[in-house]
Amino acid sequence: MVADPAVAAAVADAHRREWAFVLAATVRVTRDLDLAEECVQDAYARALTAWADGGIPNRPGAWLTTTARRRALDLQRRAATQERKLPLLVSDSRGAPPSREPEAHAVEDDRLRLIFTCCHPALSIEAQVALTLRLLCGLTTAEVASAFLVSEPTMAARITRAKHKIANARIPYRVPPAAELPSRVGAVVSVVHLLYTTGHTAPAGANLVRRDLVERALDISRMLRALLPENPDVAGLLALILLNDARRATRVDDEGELLLLADQDRSRWDRDAIAEGIALVQEALTRRPPSRYALMAAIAAVHAEAPTWDDTDWVEVVALYDVLLSLWPSPVVALNRAVAVGFADGPGVGLAALDALVDEPQLAGYPYLAAARADFLQRLDRRAEARDAYATALDLTQNSRERAFLLRRLDELV
Amino acid sequence: MAKYLVLIYHDEAQWVEPSPEVEAGFQGHMAFNAANGPKILGGEALQPTTTATSIRRDDDGSHMVTDGPFVETKEAVGGYYLLEAEDLDEAIALAKQVPAPWGGVEVRPVRVFG
């Protein structure tokens with residue numbers, strides 16, 4: 001049978017938009033992640049034929065949830081006497097009869113339950129990221145493995161181990177109490193941010209950007225924003241992703257080679273994304289102390305608002321980095337601040353700020369320190385030292401687009 | 001409800017001599033017990049690893065008895081609590097209250113057979 005293209009597109013769209021909604025609502029009935037995943041996959045498969053015969057439902061998410069829940073209850077009834085592999089998840093809704101029609105309000109809570117379970121601090125950060133992609137975005141294990149450049153069996157083992165811990169250590173399927181919420185949301189936001197940065201500049205490989213990961217990070221950030229509209233970290237994260245991603249069309253040239261901010265065609269930046277991002281930054285920065293994501297987004301906003309590279313308000317950028325560094329001291333933030341200082345006060349001052357960081361153990365394997373030193377040395381016409389610094393940066397860089405960029409800069413000095 | 005074992009790891013050299021910190025540690029355990037009585041199923045402090053004896057079974061079925069802890073580490077298990085908690089979040093919240101001034105604690109769910 002050839003699938004109807006309109007139905008196939010509707011199912012794919014529902015997969016992208018509703019997976020977390022459907023899975024989260026099904027997990028609350030099954031209290032078993034594996035069974036719920038199996039039933040949700042089955043519901044999507046059934047949708048292909050059911051929607052071709054009966055038409056695409058008005059609320060695809062509700063149709064899929066009802067179908068998945070019915071299948072789960074059916075399987076659980078049949079398997080009632082069999083040995084269970086893992087204990088049931090601990091949930092605060094135990095004993096409450098599952099409603100027949102998933103109501104909007106309850107389902108929103110369910111998605112939050114799923115998010116907080118995936119991003120529980122008792123799981124390793126690698127496991128949190130893998131579960132988020134697998135359970136919240138509905139990626140297959142093979143897709144998650146390829147996103148993080150590990151083998152499929154390795155990723156499968158990582159996901160199985162995490163699910164095993166959730167069930168056996170009784171990590172609850174629940175929204176944390178208000179007192180714990182800020183720190184738990186912080187953990188969720190850092191997982192999504194890691195997902196985004198991994199996609200924004202892929203650590204290795206042929207492409208600079210892993211578009212799929214960036215899209216997923218943006219989707220989850222929008223979901224979080226809808227679910228936690230009051231949270232400044234969430235607003236800051238969404239703003240940061242929107243403002244950086246607004247430059248997606250110009251970060252590489254037609255050959256896929258890296259283009260610096262200074263050389264990008266600003267007329268091709270996504271003005272809608274920039275406007276949305278700036279509004280979110282302004283909202284998030286009214287909170288005290290400011291969220292670190294909001295501050296990073298504010299720095300991106302300064303760049304987004306400058307009509308040309310030469311118009312960049314570097315004094316404002318340095319001032320924002322000063323606040324960021326005072327609240328969240330980190331060698332990487334200090335490095336970015338030093339670069340901004342170089343543009344605000346001249347390459348000599350910037351180089352001195354960078355040189356103060358060369359003994360930072362956290363920056364030992366970090367190619368951007370050497371690359372930034374090389375750039376300032378080149379501007380100061382200290383060519384031999386600039387060549388050495390580019391060579392150091394090359395030794396530390398595995399992304400082939402970034403390597404090509406550094407090689408071009410090195411060639412200019414030979 | 002589930003059971004969790006909280007293993008208290010510390011640098012036991014710190015506990016040898018009486019000191020204000022050691023006294024504060026005892027007070028802390030008494031306060032923890034007073035505050036969480038019904039949740040605490042058991043718990044003891046252990047003599048230092050200098051008193052430990054390890055027994056390994058050899059391939060031929062005989063036992064080799066040696067002086068010292070099973071694994072030599074700077075931070076050794078110095079005591080434990082057996083707790084009852086609804087889920088890991090509750091167990092972590094309780095474990096955070098366990099005094100461990102020269103180390104930390106490890107929370108392990110108790111395995112249920114059957």
# chains A, B, ... in the order shown; residues from 1 in each chain; ligands from 1

$ closest_atom_pairs --of "chain A" --to "chain B" --cutoff "8 Å" --atoms "only C-alpha atoms" --output "JSON lines"
{"residue": "A:Val90", "atom": "CA", "partner": "B:Asp87", "partner_atom": "CA", "distance": 6.8}
{"residue": "A:Asn168", "atom": "CA", "partner": "B:Pro109", "partner_atom": "CA", "distance": 7.2}
{"residue": "A:Ala169", "atom": "CA", "partner": "B:Pro109", "partner_atom": "CA", "distance": 5.4}
{"residue": "A:Arg170", "atom": "CA", "partner": "B:Asp87", "partner_atom": "CA", "distance": 5.0}
{"residue": "A:Ile171", "atom": "CA", "partner": "B:Leu88", "partner_atom": "CA", "distance": 5.2}
{"residue": "A:Pro172", "atom": "CA", "partner": "B:Asp87", "partner_atom": "CA", "distance": 6.2}

$ write_last_selection --atoms "C-alpha atoms" --output "CSV table (one decimal), in the first residue's frame"
chain,number,residue,atom,x,y,z
A,90,VAL,CA,6.5,6.5,41.3
A,168,ASN,CA,14.8,1.0,40.5
A,169,ALA,CA,16.0,4.1,42.4
A,170,ARG,CA,12.5,5.4,42.2
A,171,ILE,CA,13.1,8.7,40.5
A,172,PRO,CA,9.6,10.1,40.6

$ select_by_dssp --residues "chain B" --states "alpha helix (DSSP H)" --output "list in words"
Pro20, Glu21, Val22, Glu23, Ala24, Gly25, Phe26, Gln27, Gly28, His29, Met30, Ala31, Phe32, Asn33, Ala34, Ala35, Asn36, Leu88, Asp89, Glu90, Ala91, Ile92, Ala93, Leu94 and Ala95 of chain B

$ residues_around --residues "region 47-53 of chain B" --least-positions-apart "3" --cutoff "6 Å" --atoms "only C-alpha atoms" --output "list in words"
Thr66, Asp67, Gly68 and Pro69 of chain B

$ residues_around --residues "region 39-41 of chain B" --least-positions-apart "2" --cutoff "9 Å" --atoms "only C-alpha atoms" --output "PyMOL selection string"
chain B and resi 3+33+36-37+43+81-85+94

$ write_last_selection --atoms "N, CA and C atoms" --output "PDB file, in the first residue's frame"
ATOM      1  N   LYS B   3      13.133   1.298  50.599  1.00  0.00           N
ATOM      2  CA  LYS B   3      14.256   1.447  51.526  1.00  0.00           C
ATOM      3  C   LYS B   3      15.496   1.928  50.780  1.00  0.00           C
ATOM      4  N   ASN B  33      18.454  12.272  63.867  1.00  0.00           N
ATOM      5  CA  ASN B  33      17.609  11.203  64.399  1.00  0.00           C
ATOM      6  C   ASN B  33      16.325  11.753  65.013  1.00  0.00           C
ATOM      7  N   ASN B  36      13.912  12.968  62.165  1.00  0.00           N
ATOM      8  CA  ASN B  36      13.422  12.038  61.138  1.00  0.00           C
ATOM      9  C   ASN B  36      13.152  10.643  61.676  1.00  0.00           C
ATOM     10  N   GLY B  37      12.935  10.547  62.983  1.00  0.00           N
ATOM     11  CA  GLY B  37      12.782   9.261  63.637  1.00  0.00           C
ATOM     12  C   GLY B  37      12.054   8.176  62.850  1.00  0.00           C
ATOM     13  N   GLY B  43      20.719   2.406  61.762  1.00  0.00           N
ATOM     14  CA  GLY B  43      21.911   3.182  61.452  1.00  0.00           C
ATOM     15  C   GLY B  43      22.928   3.011  62.548  1.00  0.00           C
ATOM     16  N   TYR B  81      22.951   4.813  57.459  1.00  0.00           N
ATOM     17  CA  TYR B  81      21.552   4.834  57.891  1.00  0.00           C
ATOM     18  C   TYR B  81      20.745   3.989  56.918  1.00  0.00           C
ATOM     19  N   LEU B  82      19.798   3.259  57.429  1.00  0.00           N
ATOM     20  CA  LEU B  82      18.816   2.610  56.566  1.00  0.00           C
ATOM     21  C   LEU B  82      17.539   3.435  56.685  1.00  0.00           C
ATOM     22  N   LEU B  83      17.117   4.015  55.553  1.00  0.00           N
ATOM     23  CA  LEU B  83      15.977   4.939  55.580  1.00  0.00           C
ATOM     24  C   LEU B  83      14.796   4.375  54.807  1.00  0.00           C
ATOM     25  N   GLU B  84      13.635   4.868  55.134  1.00  0.00           N
ATOM     26  CA  GLU B  84      12.446   4.556  54.358  1.00  0.00           C
ATOM     27  C   GLU B  84      11.974   5.846  53.697  1.00  0.00           C
ATOM     28  N   ALA B  85      11.741   5.792  52.389  1.00  0.00           N
ATOM     29  CA  ALA B  85      11.317   7.001  51.675  1.00  0.00           C
ATOM     30  C   ALA B  85      10.392   6.619  50.537  1.00  0.00           C
ATOM     31  N   LEU B  94      16.452  13.610  52.666  1.00  0.00           N
ATOM     32  CA  LEU B  94      16.877  13.114  53.985  1.00  0.00           C
ATOM     33  C   LEU B  94      18.402  13.012  54.047  1.00  0.00           C
TER      34      LEU B  94
END

$ atom_distance --atom1 "CA of Phe343 (chain A)" --atom2 "CA of Trp309 (chain A)"
10.6 Å

$ residues_around --residues "Ala262 (chain A)" --least-positions-apart "4" --cutoff "10 Å" --atoms "only C-alpha atoms" --output "list in words"
Arg266, Thr308, Trp309, Asp310 and Thr312 of chain A

$ atom_distance --atom1 "CA of His10 (chain B)" --atom2 "CA of Glu75 (chain B)"
4.7 Å

$ closest_residue --among "A:Arg158, A:Ala187, A:Leu73, A:Ala20" --to "Phe116 (chain A)" --atoms "only C-alpha atoms"
A:Ala187

$ residues_around --residues "Gln97 (chain B)" --least-positions-apart "6" --cutoff "10 Å" --atoms "only C-alpha atoms" --output "list in words"
Gly28, His29, Ala31, Phe32, Asn33, Ala35 and Asn36 of chain B

$ select_by_dssp --residues "region 45-95 of chain B" --states "strand (DSSP E)" --output "number ranges by chain"
B: 45, 53-57, 63-67, 76-85

$ atom_distance --atom1 "CA of Ser91 (chain A)" --atom2 "CA of Arg71 (chain A)"
20.6 Å

$ residues_around --residues "Ile166 (chain A)" --least-positions-apart "3" --cutoff "10 Å" --atoms "only C-alpha atoms" --output "list in words"
Leu33, Leu86, Pro87, Leu88, Leu89, Val90, Thr117, Cys118, His120, Ala122, Leu123, Thr160, Arg161, Ala162, Lys163, Ala169, Arg170, Ile171, Pro172 and Tyr173 of chain A; Leu88 of chain B

$ closest_residue --among "B:Ala45, B:Val6, B:Val22, B:Val65" --to "Trp102 (chain B)" --atoms "only C-alpha atoms"
B:Val22
